[in-house]
Amino acid sequence: MSDIHPSIPTVPALMAGPLRVVPLAPLAQALTLLARRLVRHHPGLINRLGPYVACRFAIAPTDLPVTLLLEPHPTAMRITLHRDPPRADARIAGPLAALLGLVHGTWDGDALFFSRDLVIDGDTAAALALRNAIDDCEIDLGAEIAGLSGPFRHLLTPIIDLAERRTGVPLRRAEMWP
Amino acid sequence: MMELVCPAGTPAALRAAVDAGANTIYCGFADETNARNFPGLNFSREELAEGVAYAHRRGSKVLVAINTFPRAGSEQLWHRAVADAKTAGADAVILADLGLLAHAADRHPELRRHLSVQAAAANPDAINFYASSFGVRRVVLPRVLTVAEITAINREIDVETEVFVFGGLCVMAEGRCSLSSYITGKSPNMNGVCSPPSHVQYVETRGELAARLGGYTIHRNAKDAPAPYPTLCKGCFHSEDKTGYVFEDPSSLDAKDLIPALAKAGVTALKIEGRQRSRSYVAQVVRSFRGAVEAVAAGRPVPPGTLASLTEGQAATTGAYRKTWR
């Protein structure tokens, strides 16, 4: 795990740009599939949300022109993508790398908040519940995505690892690295 | 070597603490029996049993904090927590309430009892009373004592002492502080939450961040200034013609450099605060302090290195251990 987070990488505008024009529905559907797979593998994610399972969470990568709207559910978890800010109970905003680092346990959520790399607004308790639930699940998005790729899994894993090393964006669970 | 007592708000944080070198982990049940009753945190009975087994397999101990004050008519919730901690194989329970201590000593005499910081036992007479009346074996000292005062206490007591060395800094008489309940109706003492997040709101306007508690603005921070959590004791207020932190600055405790002095003062265990923090925080802080404790035990200087980026206000203090006043 990283000792400090001196500079959080941001997505170059040139790479983020296409998200302004491409259709978002197929991407949202892929993210929903991934989220449902995560819930199947980590049922604690829903349990830990407790009463906040009914909340709508806006996850806003500040270096991308889209916001994810997460609607938790034990069997019908849903993610939609929005170019305009969606209505939500709680919003967590920050660079994509910070959000991924939070998911993967690379960086501490409070520390990112204290340093203003992350911004929370709306229902603070709901946002905290989500953060704590995700932290406990020890999620590895790289492994989950590789798992979805079927026979290409063994090809994809080293590519994800290489992308993480080259970009500094946390794409795997922090404990996977020495 | 001094014992390193580390926080775990989730089973993942418990495993992170064990793997990073914690001798002992403290945690609590997901209800109002423990003073860190925050959303998404804490342990079910099954998770505690699994966590204890994980820790024991690797030579670490687990303490269960049942350190809020039972409500009249609902004592069963707290009694059940003590019994369930024992069933899960916990090495000790950390208690604050006199009645609960009496219950645990009477019904579970073989279960080791530690006195929580929430009991605010800050002198030898109080500590000796808890030891002789309830068989308390260790006391967690309040964060208001100097190293000299801790030395004086240790000379007059026979039980172990545990002191905070890192994390959130509470300088109030813990267990007796009413600031949170004054403004939100909920307190760490009765509900397990100081400044509960359900009453916290952040509002950003043109880069300036206002942090509100119970509808009152406690801080305003300029763009790029560190953001604190809005607790009344660390709020920024107008007083007479001055504006500033009237009670305490929003900074955190880091007493790593004082470990040799604390060892000399007779302290048995060093406690890291932060059950509400992530497994990343736990792993980083435990690893850093494990290195420091090992160095001190081997007669080497405390290794340099700062954990300031993990602290509230992005700044650290030695707190009351080296007391200075404005």
# chains A, B, ... in the order shown; residues from 1 in each chain; ligands from 1
call {"tool": "residues_around", "arguments": {"residues": "Glu46 of chain B", "least_positions_apart": "6", "cutoff": "10 Å", "atoms": "only C-alpha atoms", "output": "list in words"}}
result
Val52, Asp84 and Ala88 of chain B
call {"tool": "write_last_selection", "arguments": {"atoms": "N, CA and C atoms", "output": "PDB file, in the first residue's frame"}}
result
ATOM      1  N   VAL B  52     -11.089 -13.261  15.307  1.00  0.00           N
ATOM      2  CA  VAL B  52     -10.298 -13.773  16.441  1.00  0.00           C
ATOM      3  C   VAL B  52      -9.479 -14.982  15.986  1.00  0.00           C
ATOM      4  N   ASP B  84     -21.015 -12.536  24.262  1.00  0.00           N
ATOM      5  CA  ASP B  84     -20.694 -12.918  22.881  1.00  0.00           C
ATOM      6  C   ASP B  84     -19.212 -12.695  22.561  1.00  0.00           C
ATOM      7  N   ALA B  88     -16.792 -15.664  21.291  1.00  0.00           N
ATOM      8  CA  ALA B  88     -16.004 -15.536  20.054  1.00  0.00           C
ATOM      9  C   ALA B  88     -14.518 -15.780  20.289  1.00  0.00           C
TER      10      ALA B  88
END
call {"tool": "residues_around", "arguments": {"residues": "Ala126 of chain A", "least_positions_apart": "4", "cutoff": "8 Å", "atoms": "only C-alpha atoms", "output": "mmCIF file with C-alpha atoms, in the first residue's frame"}}
result
data_model
loop_
_atom_site.group_PDB
_atom_site.id
_atom_site.type_symbol
_atom_site.label_atom_id
_atom_site.label_comp_id
_atom_site.auth_asym_id
_atom_site.auth_seq_id
_atom_site.Cartn_x
_atom_site.Cartn_y
_atom_site.Cartn_z
ATOM 1 C CA LEU A 49 -24.807 -0.457 3.703
ATOM 2 C CA TYR A 52 -28.371 3.256 3.165
ATOM 3 C CA CYS A 55 -29.729 5.530 -1.361
ATOM 4 C CA ASP A 89 -28.601 11.212 -2.007
ATOM 5 C CA ALA A 90 -24.834 11.434 -1.694
ATOM 6 C CA LEU A 130 -20.536 3.085 1.118
ATOM 7 C CA PRO B 39 -22.331 3.486 9.429
#
call {"tool": "interface_residues", "arguments": {"of": "chain A", "to": "chain B", "cutoff": "8 Å", "atoms": "only C-alpha atoms", "output": "JSON, numbers by chain"}}
result
{"A": [1, 2, 3, 4, 5, 48, 49, 50, 105, 106, 107, 108, 109, 110, 111, 113, 114, 115, 116, 120, 121, 122, 123, 124, 125, 126, 128, 129, 130, 131, 132, 133, 135, 136, 137, 138]}
call {"tool": "write_last_selection", "arguments": {"atoms": "C-alpha atoms", "output": "JSON list (two decimals), in the first residue's frame"}}
result
[["chain", "number", "residue", "atom", "x", "y", "z"],
["A", 1, "MET", "CA", 0.00, 0.00, 0.00],
["A", 2, "SER", "CA", 1.22, 3.46, -0.80],
["A", 3, "ASP", "CA", 2.69, 5.36, 2.15],
["A", 4, "ILE", "CA", 1.50, 8.74, 0.94],
["A", 5, "HIS", "CA", -0.29, 10.09, -2.09],
["A", 48, "ARG", "CA", -22.76, -3.16, 5.41],
["A", 49, "LEU", "CA", -24.81, -0.46, 3.70],
["A", 50, "GLY", "CA", -27.65, -1.24, 6.13],
["A", 105, "GLY", "CA", -7.37, 0.16, -0.55],
["A", 106, "THR", "CA", -4.40, 2.00, -2.03],
["A", 107, "TRP", "CA", -5.19, 5.26, -0.25],
["A", 108, "ASP", "CA", -7.15, 6.13, 2.85],
["A", 109, "GLY", "CA", -10.50, 7.80, 2.21],
["A", 110, "ASP", "CA", -10.29, 10.20, 5.15],
["A", 111, "ALA", "CA", -6.79, 11.28, 4.12],
["A", 113, "PHE", "CA", -10.84, 13.96, 2.03],
["A", 114, "PHE", "CA", -8.61, 15.91, 4.46],
["A", 115, "SER", "CA", -6.34, 16.82, 1.53],
["A", 116, "ARG", "CA", -9.38, 17.87, -0.56],
["A", 120, "ILE", "CA", -18.35, 14.57, -0.33],
["A", 121, "ASP", "CA", -21.71, 16.24, -0.36],
["A", 122, "GLY", "CA", -25.29, 15.27, 0.37],
["A", 123, "ASP", "CA", -25.86, 12.55, 2.95],
["A", 124, "THR", "CA", -22.47, 12.19, 4.66],
["A", 125, "ALA", "CA", -23.55, 9.08, 6.61],
["A", 126, "ALA", "CA", -24.57, 7.31, 3.39],
["A", 128, "LEU", "CA", -19.34, 6.89, 4.76],
["A", 129, "ALA", "CA", -21.36, 3.66, 4.80],
["A", 130, "LEU", "CA", -20.54, 3.09, 1.12],
["A", 131, "ARG", "CA", -16.86, 3.83, 1.65],
["A", 132, "ASN", "CA", -16.63, 1.49, 4.65],
["A", 133, "ALA", "CA", -18.57, -1.27, 2.88],
["A", 135, "ASP", "CA", -13.15, -1.01, 1.96],
["A", 136, "ASP", "CA", -14.16, -4.19, 3.77],
["A", 137, "CYS", "CA", -14.80, -6.08, 0.51],
["A", 138, "GLU", "CA", -11.15, -5.95, -0.62]]
call {"tool": "select_by_dssp", "arguments": {"residues": "segment 19-146 of chain A", "states": "strand (DSSP E)", "output": "VMD selection string"}}
result
chain A and resid 57 to 61 67 to 71 78 to 82 90 to 94 119 to 122
call {"tool": "select_by_dssp", "arguments": {"residues": "chain A", "states": "alpha helix (DSSP H)", "output": "ChimeraX atom specification"}}
result
/A:13-16,25-41,44-49,96-104,109-114,124-137,141-148,153-167
call {"tool": "write_last_selection", "arguments": {"atoms": "C-alpha atoms", "output": "compact mmCIF listing (two decimals), in the first residue's frame"}}
result
# COMPACT_ATOMS: atom_id res chain seq x y z
CA ALA A 13 -8.26 15.50 -21.52
CA LEU A 14 -7.50 13.83 -24.86
CA MET A 15 -8.44 10.43 -23.42
CA ALA A 16 -11.49 11.72 -21.54
CA ALA A 25 -25.79 3.10 -22.47
CA PRO A 26 -23.52 0.17 -23.53
CA LEU A 27 -20.79 1.31 -21.14
CA ALA A 28 -23.36 1.66 -18.33
CA GLN A 29 -24.61 -1.85 -19.06
CA ALA A 30 -21.08 -3.25 -18.84
CA LEU A 31 -20.53 -1.45 -15.53
CA THR A 32 -23.85 -2.79 -14.22
CA LEU A 33 -22.77 -6.34 -15.12
CA LEU A 34 -19.49 -5.77 -13.31
CA ALA A 35 -21.30 -4.33 -10.25
CA ARG A 36 -23.68 -7.32 -10.07
CA ARG A 37 -20.72 -9.69 -10.28
CA LEU A 38 -19.09 -7.78 -7.41
CA VAL A 39 -22.22 -8.07 -5.25
CA ARG A 40 -22.38 -11.82 -5.92
CA HIS A 41 -18.75 -12.20 -4.86
CA GLY A 44 -21.06 -7.97 2.59
CA LEU A 45 -21.12 -4.89 0.38
CA ILE A 46 -24.90 -4.76 0.60
CA ASN A 47 -25.09 -5.90 4.23
CA ARG A 48 -22.76 -3.16 5.41
CA LEU A 49 -24.81 -0.46 3.70
CA LEU A 96 -10.75 8.76 -11.27
CA ALA A 97 -7.45 7.47 -9.85
CA ALA A 98 -8.42 8.62 -6.32
CA LEU A 99 -11.79 6.88 -6.60
CA LEU A 100 -10.15 3.69 -7.85
CA GLY A 101 -7.50 3.97 -5.13
CA LEU A 102 -10.28 4.13 -2.57
CA VAL A 103 -11.90 0.99 -3.98
CA HIS A 104 -8.59 -0.89 -4.02
CA GLY A 109 -10.50 7.80 2.21
CA ASP A 110 -10.29 10.20 5.15
CA ALA A 111 -6.79 11.28 4.12
CA LEU A 112 -8.00 11.94 0.56
CA PHE A 113 -10.84 13.96 2.03
CA PHE A 114 -8.61 15.91 4.46
CA THR A 124 -22.47 12.19 4.66
CA ALA A 125 -23.55 9.08 6.61
CA ALA A 126 -24.57 7.31 3.39
CA ALA A 127 -21.26 8.21 1.74
CA LEU A 128 -19.34 6.89 4.76
CA ALA A 129 -21.36 3.66 4.80
CA LEU A 130 -20.54 3.09 1.12
CA ARG A 131 -16.86 3.83 1.65
CA ASN A 132 -16.63 1.49 4.65
CA ALA A 133 -18.57 -1.27 2.88
CA ILE A 134 -16.30 -1.08 -0.17
CA ASP A 135 -13.15 -1.01 1.96
CA ASP A 136 -14.16 -4.19 3.77
CA CYS A 137 -14.80 -6.08 0.51
CA LEU A 141 -11.54 -4.57 -10.19
CA GLY A 142 -8.66 -5.74 -12.37
CA ALA A 143 -9.29 -9.36 -11.35
CA GLU A 144 -13.05 -8.96 -11.77
CA ILE A 145 -12.69 -7.51 -15.27
CA ALA A 146 -10.23 -10.24 -16.19
CA GLY A 147 -12.72 -12.76 -14.80
CA LEU A 148 -15.41 -11.43 -17.14
CA ARG A 153 -8.35 -13.79 -18.70
CA HIS A 154 -4.70 -14.86 -18.71
CA LEU A 155 -3.91 -12.41 -21.50
CA LEU A 156 -5.75 -9.53 -19.85
CA THR A 157 -4.25 -9.79 -16.35
CA PRO A 158 -0.67 -8.83 -17.31
CA ILE A 159 -2.01 -6.01 -19.49
CA ILE A 160 -3.95 -4.59 -16.52
CA ASP A 161 -0.87 -4.90 -14.30
CA LEU A 162 1.27 -3.15 -16.90
CA ALA A 163 -1.30 -0.37 -17.30
CA GLU A 164 -1.28 0.15 -13.53
CA ARG A 165 2.51 0.40 -13.40
CA ARG A 166 2.68 2.77 -16.38
CA THR A 167 -0.15 5.12 -15.38
call {"tool": "residues_around", "arguments": {"residues": "Val193 of chain B", "least_positions_apart": "4", "cutoff": "6 Å", "atoms": "only C-alpha atoms", "output": "JSON, numbers by chain"}}
result
{"B": [36, 37, 187, 188]}
call {"tool": "closest_residue", "arguments": {"among": "A:Val11, A:Leu68, A:His73, A:Pro18", "to": "Pro51 of chain A", "atoms": "only C-alpha atoms"}}
result
A:His73
call {"tool": "atom_distance", "arguments": {"atom1": "atom CA of Thr161 of chain B", "atom2": "atom CA of Ala65 of chain B"}}
result
16.1 Å
call {"tool": "residues_around", "arguments": {"residues": "segment 139-142 of chain B", "least_positions_apart": "2", "cutoff": "6 Å", "atoms": "only C-alpha atoms", "output": "number ranges by chain"}}
result
B: 114-117, 120, 144, 161-163
call {"tool": "residues_around", "arguments": {"residues": "Phe166 of chain B", "least_positions_apart": "5", "cutoff": "9 Å", "atoms": "only C-alpha atoms", "output": "mmCIF file with C-alpha atoms, in the first residue's frame"}}
result
data_model
loop_
_atom_site.group_PDB
_atom_site.id
_atom_site.type_symbol
_atom_site.label_atom_id
_atom_site.label_comp_id
_atom_site.auth_asym_id
_atom_site.auth_seq_id
_atom_site.Cartn_x
_atom_site.Cartn_y
_atom_site.Cartn_z
ATOM 1 C CA SER B 252 -3.915 14.529 15.194
ATOM 2 C CA LEU B 253 -1.696 12.840 17.731
ATOM 3 C CA ASP B 254 1.664 11.435 16.669
ATOM 4 C CA ALA B 255 3.798 10.425 19.641
ATOM 5 C CA LYS B 256 6.154 8.097 17.781
ATOM 6 C CA LEU B 270 0.774 1.696 22.722
ATOM 7 C CA LYS B 271 -2.601 2.320 21.145
ATOM 8 C CA ILE B 272 -3.364 3.550 17.644
ATOM 9 C CA GLU B 273 -6.689 5.332 17.186
ATOM 10 C CA GLY B 274 -8.762 4.915 14.026
ATOM 11 C CA VAL B 285 0.296 3.248 10.593
ATOM 12 C CA ALA B 316 0.411 16.191 13.885
ATOM 13 C CA THR B 318 2.456 15.322 20.572
#
call {"tool": "residues_around", "arguments": {"residues": "Glu248 of chain B", "least_positions_apart": "3", "cutoff": "7 Å", "atoms": "only C-alpha atoms", "output": "ChimeraX atom specification"}}
result
/B:233-234,245
call {"tool": "closest_residue", "arguments": {"among": "B:Leu258, B:Ala72, B:Ile150, B:Val286", "to": "Pro7 of chain B", "atoms": "only C-alpha atoms"}}
result
B:Val286
call {"tool": "closest_residue", "arguments": {"among": "B:Ala297, B:Cys170, B:Leu145, B:Leu63", "to": "Tyr26 of chain B", "atoms": "only C-alpha atoms"}}
result
B:Leu63
call {"tool": "atom_distance", "arguments": {"atom1": "atom CA of Leu4 of chain B", "atom2": "atom CA of Ala22 of chain B"}}
result
5.7 Å
call {"tool": "decode", "arguments": {"residues": "segment 39-63 of chain A", "atoms": "N, CA and C atoms", "output": "CSV table (one decimal), in the first residue's frame"}}
result
chain,number,residue,atom,x,y,z
A,39,VAL,N,-21.3,-7.8,-6.4
A,39,VAL,CA,-22.2,-8.1,-5.3
A,39,VAL,C,-22.3,-9.6,-5.0
A,40,ARG,N,-22.3,-10.4,-6.1
A,40,ARG,CA,-22.4,-11.8,-5.9
A,40,ARG,C,-21.1,-12.3,-5.2
A,41,HIS,N,-20.0,-11.8,-5.5
A,41,HIS,CA,-18.7,-12.2,-4.9
A,41,HIS,C,-18.6,-11.6,-3.5
A,42,HIS,N,-19.2,-10.4,-3.2
A,42,HIS,CA,-19.0,-9.7,-2.0
A,42,HIS,C,-20.3,-9.3,-1.4
A,43,PRO,N,-21.1,-10.3,-0.9
A,43,PRO,CA,-22.5,-9.9,-0.4
A,43,PRO,C,-22.4,-8.9,0.8
A,44,GLY,N,-21.2,-8.9,1.5
A,44,GLY,CA,-21.1,-8.0,2.6
A,44,GLY,C,-21.2,-6.5,2.2
A,45,LEU,N,-21.0,-6.3,0.9
A,45,LEU,CA,-21.1,-4.9,0.4
A,45,LEU,C,-22.5,-4.4,0.6
A,46,ILE,N,-23.5,-5.2,0.4
A,46,ILE,CA,-24.9,-4.8,0.6
A,46,ILE,C,-25.2,-4.8,2.1
A,47,ASN,N,-24.8,-5.8,2.8
A,47,ASN,CA,-25.1,-5.9,4.2
A,47,ASN,C,-24.6,-4.7,5.0
A,48,ARG,N,-23.4,-4.3,4.7
A,48,ARG,CA,-22.8,-3.2,5.4
A,48,ARG,C,-23.4,-1.8,5.1
A,49,LEU,N,-24.1,-1.7,4.0
A,49,LEU,CA,-24.8,-0.5,3.7
A,49,LEU,C,-26.0,-0.2,4.6
A,50,GLY,N,-26.5,-1.3,5.2
A,50,GLY,CA,-27.6,-1.2,6.1
A,50,GLY,C,-28.8,-0.4,5.6
A,51,PRO,N,-29.2,0.6,6.3
A,51,PRO,CA,-30.4,1.4,5.8
A,51,PRO,C,-30.1,2.2,4.6
A,52,TYR,N,-28.8,2.4,4.3
A,52,TYR,CA,-28.4,3.3,3.2
A,52,TYR,C,-28.4,2.5,1.8
A,53,VAL,N,-28.9,1.2,1.9
A,53,VAL,CA,-28.9,0.5,0.6
A,53,VAL,C,-29.9,1.1,-0.3
A,54,ALA,N,-30.9,1.8,0.2
A,54,ALA,CA,-31.9,2.5,-0.6
A,54,ALA,C,-31.4,3.8,-1.2
A,55,CYS,N,-30.2,4.2,-0.9
A,55,CYS,CA,-29.7,5.5,-1.4
A,55,CYS,C,-29.2,5.4,-2.8
A,56,ARG,N,-29.2,6.6,-3.5
A,56,ARG,CA,-28.6,6.7,-4.8
A,56,ARG,C,-27.3,7.5,-4.6
A,57,PHE,N,-26.2,6.9,-5.1
A,57,PHE,CA,-24.9,7.4,-4.9
A,57,PHE,C,-24.4,8.0,-6.3
A,58,ALA,N,-24.0,9.2,-6.3
A,58,ALA,CA,-23.3,9.8,-7.5
A,58,ALA,C,-21.8,9.7,-7.3
A,59,ILE,N,-21.2,9.0,-8.2
A,59,ILE,CA,-19.7,8.9,-8.2
A,59,ILE,C,-19.2,9.8,-9.3
A,60,ALA,N,-18.5,10.9,-9.0
A,60,ALA,CA,-18.2,11.8,-10.0
A,60,ALA,C,-16.7,11.9,-10.2
A,61,PRO,N,-16.1,11.2,-11.2
A,61,PRO,CA,-14.7,11.4,-11.5
A,61,PRO,C,-14.5,12.8,-12.1
A,62,THR,N,-13.8,13.7,-11.4
A,62,THR,CA,-13.7,15.1,-11.8
A,62,THR,C,-12.9,15.3,-13.1
A,63,ASP,N,-12.1,14.2,-13.5
A,63,ASP,CA,-11.4,14.3,-14.8
A,63,ASP,C,-12.1,13.6,-15.9
